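The structure appears right after this line, and notes come after that.
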Amino acid sequence: MQYRELGRTGWKVSSISFGAWAIGGTWGAVDDKESIASLHTALDNGVNFFDTADVYGDGHSEKLLAKLRKERSETFYIATKAGRRSDPHVAGSYNRENITAYVERSLKKLDTDSLDLLQLHCPPTEVYYMPEVFGILDDLTKAGKIKHYGVSVEKVEEALKAIEYPNVKTVQIIFNIFRQRPSDIFFNEAMRKKVGILARLPLSSGMLSGKLTSASTFASDDHRAFNRQGESFDRGETFSGLDYETGLRAVESLRELIPNGITMAEFALRWILMFPAVTCAIPGGRRPQQVLENVKAADLPEISDSIMKKVESLYNEQVKPHVQHYW
């Protein structure tokens, strides 16, 4: 496992970390015993950063991580998110009363006195133009309720606005082979301000695992079935915003570029780590075997310049017209 500085937090975190959306819900049926086994497997293989949210299984994901912390003695970091419990999810809901209540709820679910890292959970764009919201986070930090805070964003423009606030230490953003825009401008600004970057949806909802086909089916409670057009949340969260069949065609082209002996998932994760601005990729893992495959990517050799250029060309030709100008 490799470790990288997480912005100005003072932490060194594993370059392949663990995204806990899948073990909380919204990806079909989950088995808690298998989920806990996956978390232990991650720790056993050097992962020390786990990303969750208060709405993943309505807090179930947070409770599983609290259980892990009780069962292990190693130091590891848990990042959670807040804001999407609001209904309706509007800018005005990001007020002192709600944010404080969400933080207290996560403290209880995670069974801790202070959250390692709290992230605003993809708030409406307007929130980034509300300094008072970040003032609330400053107050919660001073009160010891949170150690550090950051944001999880949908759009590059939101990320650029967020890091204007001096105490935003991390930005979580969708970045993968099918969503390359963050590397254009945002990465340079984040490095200049020493902001940690957490690359979420690194495998594009499983599309970049190379295992999905036109015949693949998804459970009714799996967002890959119910959110393809953004019916429940931003459509960019599902298959990176790509039409399913378009994504499958791009995957077949990508398959030709992958060196022998490396899976597509490993390649996709290693590709992300080729960008020094990225602190870590946070793939999910519902089963221990998935975790083992994910962490293997951290120690793979660098991808050659020629293959990196071919991946960029593939994106420009087959993917960019469908995603670049939306996020």
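Letters A, B, ... go to the chains of the structure tokens in the order shown; residues in each chain start at 1; ligands are counted from 1 in the same order.
Residues in contact with Lys67 of chain A at 9 Å, where only C-alpha atoms are counted and same-chain residues fewer than 3 positions away are skipped, are listed as Ile36, Glu62, Lys63, Leu64, Lys70, Glu71, Arg72, Leu110 and Asp111 of chain A.
Those residues of segment 208-243 of chain A that DSSP, working from the backbone, places in helix (DSSP H, G or I) are Leu208, Ser209, His223, Arg224, Ala225, Phe226, Arg235, Gly236, Glu237, Phe239, Ser240 and Gly241 of chain A.
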- Pairwise distance for atom CA of Ala281 of chain A and atom CA of Trp11 of chain A, rounded to one decimal in Å: 15.5 Å
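Atom CA of Leu39 of chain A is found 7.8 Å from atom CA of Pro288 of chain A.
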- Message: So the first atom is atom CA of His148 of chain A and the second is atom CA of Asp51 of chain A; what is the distance between them in Å, to one decimal place?
- Response: 13.8 Å
- Item | For Glu266 of chain A: contacts at 8 Å, only C-alpha atoms, fewer than 3 positions along chain excluded, given as an MDAnalysis selection string | chainID A and resid 262:263 269:270 293:294 296:297
- Polymer residues at most 12 Å from Tyr315 of chain A, only C-alpha atoms, same-chain spacing of 6 or more positions, as a PyMOL selection string: chain A and resi 176-181+242+246-247+249-251+253-254+308-309+321-324
